[in-house]
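Visitor: Before I ask anything, here is the structure I am working with.
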Amino acid sequence: MFSERLERLIPYVPGEQPRDRRYVKLNTNENPYPPSPKVREVLREYSCERFRLYPDPLCGELRRVAARRYSIEPSNVFAGNGSDEVLSFAFFAFFERAMAHANPSYSFYPVYCNFYGIRNVAVPLDDELRISLRALSEAGSVDGVVIANPNSPTGSYIERNDIVAFLSRYPDDRVVILDEAYIGFGGESCVALIRRFPNLLVVQTFSKSSSLAGLRLGLAYGDSKLIGALFRTKDAFNSYPVDDLAQRIGVAAMEDREYEQAICRRIVSTRERTARRLAGVGWTVVPSRANFLFARHPRVAGGEVYRILRERGILVRHFAGCRLSDYVRITIGTDEEMDRFLKEAGREEFC
Ligand code: PMP
């Protein structure tokens with residue numbers, strides 16, 4: 001009954017979404033604050049009648065509003081069912097034989113490669129756990145590269161000037177995908193660079209800064225040729241991946257940039273306070289520009305830290321079997337949630 005292709009699949013393992021008890025949930029980089037009040041307004045006013053019809057397959061209004069944010073054209077914008085789907089389409093459209101990514105980085109990248117039969121060249125982080133652009137550009141014969149900026153799970157960030165220098169040297173017939181899922185937490189977006197670099201595709205999501213992980217909405221920005229390739233891929237797979245309600249909510253969230261920036265500023269300030277206090281009780285904390293911290297206890301191994309915290313009702317993410325399995329990734333929650341985490345993290349039997 002099953003294809004050999006199916007046998008060969010290596011699926012992505014998402015962070016737990018437990019239903020057994022209430023946890024302080026710091027494991028999947030969700031935003032602790034509610035979406036914009038404008039989103040609630042859309043839901044209040046939405047007519048159920050609209051579900052009778054298929055949604056706009058071009059996501060016209062959403063792409064117009066997204067283009068306005070960066071003073072580009074709607075033809076430079078693509079919308080998909082979460083940035084996971086957008087990335088998947090991009091891997092299909094732009095990579096054939098091989099591609100390069102940092103390691104560790106977002107663990108879905110090798111999963112797409114496995115799905116499409118693309119060889120993935122995994123380039124180690126440098127000694128400070130930063131992505132090495134030099135090493136990525138020397139990754140040999142590949143069709144392109146994907147860079148998460150800020151990176152996950154480390155949270156480390158590459159300055160825009162360094163991205164520009166990298167793009168200036170990178171062969172212009174190979175696509176560079178910048179995954180800016182976490183760009184709202186203190187980084188500077190590179191979307192404006194798509195005008196200068198027609199081989200640059202910038203992918204963003206509504207899941208983090210806009211607090212809409214449950215909605216499933218992601219965007220890509222790039223030269224209209226790249227965007228056309230994503231549409232071609234989408235239309236060979238599903239004409240309507242973004243439903244009507246999601247398109248409307250996406251517009252409302254995109255238009256309320258002030259709210260988005262306000263909740264992101266709060267998260268950044270909680271992150272900095274948490275990082276200082278964790279370092280103060282002896283943990284090693286990687287400098288982060290994302291809505292999470294990658295940190296290591298001075299003595300207790302990552303898997304054990306994860307287990308002890310879980311018993312105490314706090315969920316963090318542990319990546320077993322990777323080079324950095326001494327670390328855990330801790331999503332930034334509200335100040336109260338982080339105080340609960342810090343209380344446990346600084347306890348005698350931990351330190
Ligand atoms: N890129 C990175 C680096 C991520 O961490 C995530 C979230 N897991 C995504 C993309 C996908 O986000 P979403 O599909 O929710 O838009």
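Please note that chains go A, B, ... in the order of the structure tokens, that every chain numbers its residues from 1, and that ligands are numbered from 1 in the order shown.
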Could you please write out, as a ChimeraX atom specification, every residue of region 74-284 of chain A that DSSP assigns to strand (DSSP E or B)?
Guide: /A:77-80,98-103,119-124,144-148,175-179,200-205,218-222,284
Visitor: Within 7 Å of ligand 1, counting only C-alpha atoms and all ligand atoms: which residues, as a PyMOL selection string?
Guide: chain A and resi 28+82-85+106+148+151-152+179+181+205-207+213+216-218
Visitor: Take the selection from the previous step and output its residues with N, CA, C and O atoms, as a tab-separated table (two decimals), in the first residue's frame.
Guide:
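Contents of selection-v4.tsv, as written:
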chain	number	residue	atom	x	y	z
A	28	THR	N	8.17	26.28	22.05
A	28	THR	CA	7.99	26.35	20.59
A	28	THR	C	7.98	27.80	20.05
A	28	THR	O	7.43	28.07	18.99
A	82	GLY	N	1.73	29.36	6.37
A	82	GLY	CA	2.87	29.31	7.29
A	82	GLY	C	4.15	29.43	6.49
A	82	GLY	O	4.19	29.09	5.29
A	83	SER	N	5.21	29.92	7.14
A	83	SER	CA	6.46	30.03	6.37
A	83	SER	C	7.04	28.65	6.11
A	83	SER	O	7.85	28.48	5.20
A	84	ASP	N	6.63	27.64	6.86
A	84	ASP	CA	7.06	26.28	6.54
A	84	ASP	C	6.68	25.92	5.10
A	84	ASP	O	7.47	25.34	4.36
A	85	GLU	N	5.44	26.24	4.73
A	85	GLU	CA	5.01	25.91	3.37
A	85	GLU	C	5.77	26.76	2.34
A	85	GLU	O	6.19	26.26	1.28
A	106	TYR	N	17.50	25.71	11.60
A	106	TYR	CA	16.12	25.22	11.66
A	106	TYR	C	16.09	23.79	11.10
A	106	TYR	O	16.48	23.56	9.95
A	148	ALA	N	19.02	31.21	8.35
A	148	ALA	CA	18.04	31.71	9.30
A	148	ALA	C	18.68	32.87	10.05
A	148	ALA	O	19.71	32.71	10.69
A	151	ASN	N	19.34	33.08	13.84
A	151	ASN	CA	19.32	31.63	13.69
A	151	ASN	C	18.52	30.97	14.82
A	151	ASN	O	18.36	31.54	15.90
A	152	SER	N	17.99	29.81	14.55
A	152	SER	CA	17.41	28.97	15.59
A	152	SER	C	18.18	27.65	15.57
A	152	SER	O	18.48	27.16	14.47
A	179	ASP	N	15.80	33.37	5.98
A	179	ASP	CA	14.62	33.02	6.78
A	179	ASP	C	14.58	33.98	7.97
A	179	ASP	O	15.31	33.81	8.95
A	181	ALA	N	12.24	34.52	10.26
A	181	ALA	CA	11.13	34.20	11.18
A	181	ALA	C	11.22	35.03	12.47
A	181	ALA	O	10.20	35.42	13.03
A	205	THR	N	7.29	35.25	8.78
A	205	THR	CA	6.11	34.55	9.29
A	205	THR	C	5.27	35.46	10.19
A	205	THR	O	5.79	36.40	10.78
A	206	PHE	N	3.99	35.16	10.29
A	206	PHE	CA	3.10	35.85	11.23
A	206	PHE	C	3.08	35.12	12.58
A	206	PHE	O	2.43	35.54	13.51
A	207	SER	N	3.81	34.01	12.69
A	207	SER	CA	3.69	33.16	13.88
A	207	SER	C	4.36	33.75	15.12
A	207	SER	O	3.95	33.43	16.23
A	213	ALA	N	0.65	32.09	15.44
A	213	ALA	CA	1.16	30.77	15.06
A	213	ALA	C	0.03	29.81	14.67
A	213	ALA	O	0.18	28.98	13.78
A	216	ARG	N	-1.44	30.05	10.73
A	216	ARG	CA	-0.63	29.51	9.64
A	216	ARG	C	-0.56	30.50	8.47
A	216	ARG	O	-1.33	30.41	7.51
A	217	LEU	N	0.33	31.43	8.57
A	217	LEU	CA	0.51	32.41	7.50
A	217	LEU	C	1.97	32.83	7.41
A	217	LEU	O	2.58	33.21	8.42
A	218	GLY	N	2.53	32.75	6.21
A	218	GLY	CA	3.91	33.18	6.00
A	218	GLY	C	4.03	33.91	4.67
A	218	GLY	O	3.17	33.78	3.79
Visitor: Just how far from CA of Phe91 (chain A) is CA of Tyr112 (chain A), in Å to one decimal?
Guide: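 Calculated distance between CA of Tyr112 (chain A) and CA of Phe91 (chain A) is 6.9 Å.
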Visitor: Given only C-alpha atoms as the basis, pick out the residue of A:Leu62, A:Leu293, A:Val164, A:Ala139 nearest to Gln247 (chain A).
Guide: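 The shortest atom-to-atom distance to Gln247 (chain A) comes from A:Leu62.
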Visitor: For region 322-325 of chain A, work out the shell of residues within 9 Å, counting only C-alpha atoms and skipping chain neighbours fewer than 2 positions away, then give it as a PyMOL selection string.
Guide: chain A and resi 103-104+301-303+318-320+327-328
Visitor: With a distance cut-off of 12 Å and only C-alpha atoms, select the neighbouring residues of Glu49 (chain A), excluding the residue or stretch itself and same-chain residues fewer than 5 positions from it, and output the selection as a ChimeraX atom specification.
Guide: /A:54,244-245
Visitor: Residues of the last selection are to be written out with all heavy atoms, as an mmCIF file, in the first residue's frame.
Guide:
data_model
loop_
_atom_site.group_PDB
_atom_site.id
_atom_site.type_symbol
_atom_site.label_atom_id
_atom_site.label_comp_id
_atom_site.auth_asym_id
_atom_site.auth_seq_id
_atom_site.Cartn_x
_atom_site.Cartn_y
_atom_site.Cartn_z
ATOM 1 N N TYR A 54 -14.535 29.982 -2.577
ATOM 2 C CA TYR A 54 -13.086 29.783 -2.448
ATOM 3 C C TYR A 54 -12.413 31.133 -2.173
ATOM 4 O O TYR A 54 -12.917 32.176 -2.592
ATOM 5 C CB TYR A 54 -12.508 29.191 -3.736
ATOM 6 C CG TYR A 54 -12.821 27.715 -3.898
ATOM 7 C CD1 TYR A 54 -13.788 27.281 -4.800
ATOM 8 C CD2 TYR A 54 -12.140 26.774 -3.145
ATOM 9 C CE1 TYR A 54 -14.071 25.933 -4.939
ATOM 10 C CE2 TYR A 54 -12.418 25.424 -3.291
ATOM 11 C CZ TYR A 54 -13.380 25.007 -4.180
ATOM 12 O OH TYR A 54 -13.660 23.684 -4.307
ATOM 13 N N ASP A 244 -9.603 32.314 3.315
ATOM 14 C CA ASP A 244 -10.108 33.687 3.264
ATOM 15 C C ASP A 244 -9.944 34.424 4.594
ATOM 16 O O ASP A 244 -9.520 35.580 4.640
ATOM 17 C CB ASP A 244 -11.600 33.644 2.870
ATOM 18 C CG ASP A 244 -12.144 35.031 2.640
ATOM 19 O OD1 ASP A 244 -11.672 35.705 1.699
ATOM 20 O OD2 ASP A 244 -13.008 35.469 3.426
ATOM 21 N N LEU A 245 -10.266 33.731 5.688
ATOM 22 C CA LEU A 245 -10.161 34.365 7.000
ATOM 23 C C LEU A 245 -8.699 34.704 7.309
ATOM 24 O O LEU A 245 -8.393 35.790 7.811
ATOM 25 C CB LEU A 245 -10.746 33.409 8.057
ATOM 26 C CG LEU A 245 -10.930 33.963 9.462
ATOM 27 C CD1 LEU A 245 -11.720 35.260 9.475
ATOM 28 C CD2 LEU A 245 -11.635 32.910 10.332
#
Visitor: Which neighbours of Ser105 (chain A) fall inside 9 Å, counting only C-alpha atoms, when residues of the same chain fewer than 3 positions from it are skipped, and could you give them as a list of chain:residue names?
Guide: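 The residues that qualify are A:His101, A:Ala102, A:Phe108, A:Tyr109, A:Leu125, A:Ile131, A:Ile147, A:Ala148, A:Asn151, A:Ser152, A:Pro153, A:Thr154.
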Visitor: Near Gly155 (chain A), counting only C-alpha atoms, which residues have an atom at most 10 Å away, once you skip same-chain residues fewer than 2 positions from it, shown as a list in words?
Guide: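 Once the nearby chain positions are removed, what remains is Ser105, Leu129, Arg130, Ala148, Asn149, Pro150, Asn151, Ser152, Pro153, Tyr157, Tyr182, Val286, Pro287, Ser288, Arg289, Ala290, Asn291, Phe292, Leu293, Phe294 and Arg329 of chain A.
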Visitor: Please report the interatomic distance between CA of Leu178 (chain A) and CA of Lys38 (chain A) in Å with one decimal.
Guide: 28.7 Å
Visitor: List the neighbours of Val300 (chain A) out to 10 Å using only C-alpha atoms; skip same-chain residues closer than 3 positions along the sequence, and give me the result as a ChimeraX atom specification.
Guide: /A:296-297,303-306,326-327,349-351
Visitor: Restricted to all heavy atoms, what would the selected residues look like written as an mmCIF file, in the first residue's frame?
Guide:
data_model
loop_
_atom_site.group_PDB
_atom_site.id
_atom_site.type_symbol
_atom_site.label_atom_id
_atom_site.label_comp_id
_atom_site.auth_asym_id
_atom_site.auth_seq_id
_atom_site.Cartn_x
_atom_site.Cartn_y
_atom_site.Cartn_z
ATOM 1 N N ARG A 296 23.007 26.999 28.636
ATOM 2 C CA ARG A 296 23.540 25.741 29.165
ATOM 3 C C ARG A 296 23.808 25.882 30.653
ATOM 4 O O ARG A 296 24.416 26.871 31.099
ATOM 5 C CB ARG A 296 24.865 25.444 28.440
ATOM 6 C CG ARG A 296 25.443 24.098 28.763
ATOM 7 C CD ARG A 296 26.751 23.907 28.060
ATOM 8 N NE ARG A 296 27.721 24.893 28.541
ATOM 9 C CZ ARG A 296 28.949 25.034 28.048
ATOM 10 N NH1 ARG A 296 29.349 24.302 27.039
ATOM 11 N NH2 ARG A 296 29.769 25.933 28.535
ATOM 12 N N HIS A 297 23.364 24.910 31.378
ATOM 13 C CA HIS A 297 23.633 24.875 32.820
ATOM 14 C C HIS A 297 25.101 24.535 33.046
ATOM 15 O O HIS A 297 25.686 23.774 32.279
ATOM 16 C CB HIS A 297 22.725 23.816 33.461
ATOM 17 C CG HIS A 297 22.764 23.839 34.946
ATOM 18 N ND1 HIS A 297 23.726 23.200 35.678
ATOM 19 C CD2 HIS A 297 21.960 24.464 35.846
ATOM 20 C CE1 HIS A 297 23.510 23.426 36.967
ATOM 21 N NE2 HIS A 297 22.439 24.184 37.084
ATOM 22 N N GLY A 303 19.555 17.372 28.457
ATOM 23 C CA GLY A 303 18.420 16.450 28.535
ATOM 24 C C GLY A 303 17.867 16.377 29.952
ATOM 25 O O GLY A 303 16.656 16.287 30.170
ATOM 26 N N GLU A 304 18.780 16.451 30.900
ATOM 27 C CA GLU A 304 18.399 16.378 32.306
ATOM 28 C C GLU A 304 17.707 17.690 32.735
ATOM 29 O O GLU A 304 16.701 17.676 33.450
ATOM 30 C CB GLU A 304 19.689 16.127 33.119
ATOM 31 C CG GLU A 304 19.519 15.772 34.562
ATOM 32 C CD GLU A 304 18.716 14.500 34.813
ATOM 33 O OE1 GLU A 304 18.383 13.782 33.853
ATOM 34 O OE2 GLU A 304 18.399 14.256 35.990
ATOM 35 N N VAL A 305 18.242 18.810 32.265
ATOM 36 C CA VAL A 305 17.614 20.114 32.554
ATOM 37 C C VAL A 305 16.183 20.106 32.034
ATOM 38 O O VAL A 305 15.234 20.490 32.728
ATOM 39 C CB VAL A 305 18.416 21.272 31.888
ATOM 40 C CG1 VAL A 305 17.655 22.586 31.957
ATOM 41 C CG2 VAL A 305 19.786 21.405 32.538
ATOM 42 N N TYR A 306 16.022 19.643 30.805
ATOM 43 C CA TYR A 306 14.690 19.560 30.190
ATOM 44 C C TYR A 306 13.755 18.718 31.059
ATOM 45 O O TYR A 306 12.634 19.108 31.360
ATOM 46 C CB TYR A 306 14.820 18.951 28.785
ATOM 47 C CG TYR A 306 13.539 18.385 28.243
ATOM 48 C CD1 TYR A 306 12.585 19.216 27.645
ATOM 49 C CD2 TYR A 306 13.258 17.017 28.359
ATOM 50 C CE1 TYR A 306 11.390 18.698 27.177
ATOM 51 C CE2 TYR A 306 12.069 16.498 27.889
ATOM 52 C CZ TYR A 306 11.138 17.347 27.302
ATOM 53 O OH TYR A 306 9.954 16.832 26.850
ATOM 54 N N ASP A 326 24.109 19.882 25.074
ATOM 55 C CA ASP A 326 24.266 20.384 26.455
ATOM 56 C C ASP A 326 23.321 21.544 26.722
ATOM 57 O O ASP A 326 23.119 21.947 27.865
ATOM 58 C CB ASP A 326 25.689 20.938 26.666
ATOM 59 C CG ASP A 326 26.698 19.829 26.789
ATOM 60 O OD1 ASP A 326 26.269 18.669 26.900
ATOM 61 O OD2 ASP A 326 27.906 20.131 26.760
ATOM 62 N N TYR A 327 22.777 22.120 25.650
ATOM 63 C CA TYR A 327 21.982 23.340 25.776
ATOM 64 C C TYR A 327 20.480 23.028 25.770
ATOM 65 O O TYR A 327 20.058 21.967 25.301
ATOM 66 C CB TYR A 327 22.254 24.267 24.591
ATOM 67 C CG TYR A 327 23.605 24.949 24.623
ATOM 68 C CD1 TYR A 327 24.766 24.251 24.338
ATOM 69 C CD2 TYR A 327 23.702 26.312 24.919
ATOM 70 C CE1 TYR A 327 26.011 24.873 24.354
ATOM 71 C CE2 TYR A 327 24.938 26.952 24.931
ATOM 72 C CZ TYR A 327 26.083 26.230 24.642
ATOM 73 O OH TYR A 327 27.307 26.848 24.653
ATOM 74 N N GLU A 349 19.517 22.652 43.957
ATOM 75 C CA GLU A 349 19.821 21.329 43.396
ATOM 76 C C GLU A 349 20.109 21.402 41.896
ATOM 77 O O GLU A 349 20.533 20.434 41.277
ATOM 78 C CB GLU A 349 18.722 20.298 43.697
ATOM 79 C CG GLU A 349 17.370 20.540 43.082
ATOM 80 C CD GLU A 349 16.442 21.280 44.033
ATOM 81 O OE1 GLU A 349 16.899 22.216 44.703
ATOM 82 O OE2 GLU A 349 15.267 20.935 44.071
ATOM 83 N N PHE A 350 19.877 22.553 41.311
ATOM 84 C CA PHE A 350 20.260 22.771 39.915
ATOM 85 C C PHE A 350 21.693 23.314 39.847
ATOM 86 O O PHE A 350 22.484 22.911 39.015
ATOM 87 C CB PHE A 350 19.309 23.764 39.261
ATOM 88 C CG PHE A 350 18.531 23.225 38.122
ATOM 89 C CD1 PHE A 350 17.282 23.724 37.806
ATOM 90 C CD2 PHE A 350 19.048 22.223 37.309
ATOM 91 C CE1 PHE A 350 16.570 23.230 36.747
ATOM 92 C CE2 PHE A 350 18.351 21.727 36.254
ATOM 93 C CZ PHE A 350 17.093 22.233 35.962
ATOM 94 N N CYS A 351 22.003 24.275 40.733
ATOM 95 C CA CYS A 351 23.300 24.954 40.626
ATOM 96 C C CYS A 351 24.334 24.444 41.626
ATOM 97 O O CYS A 351 24.052 24.311 42.754
ATOM 98 C CB CYS A 351 23.137 26.445 40.834
ATOM 99 S SG CYS A 351 22.331 27.196 39.453
#
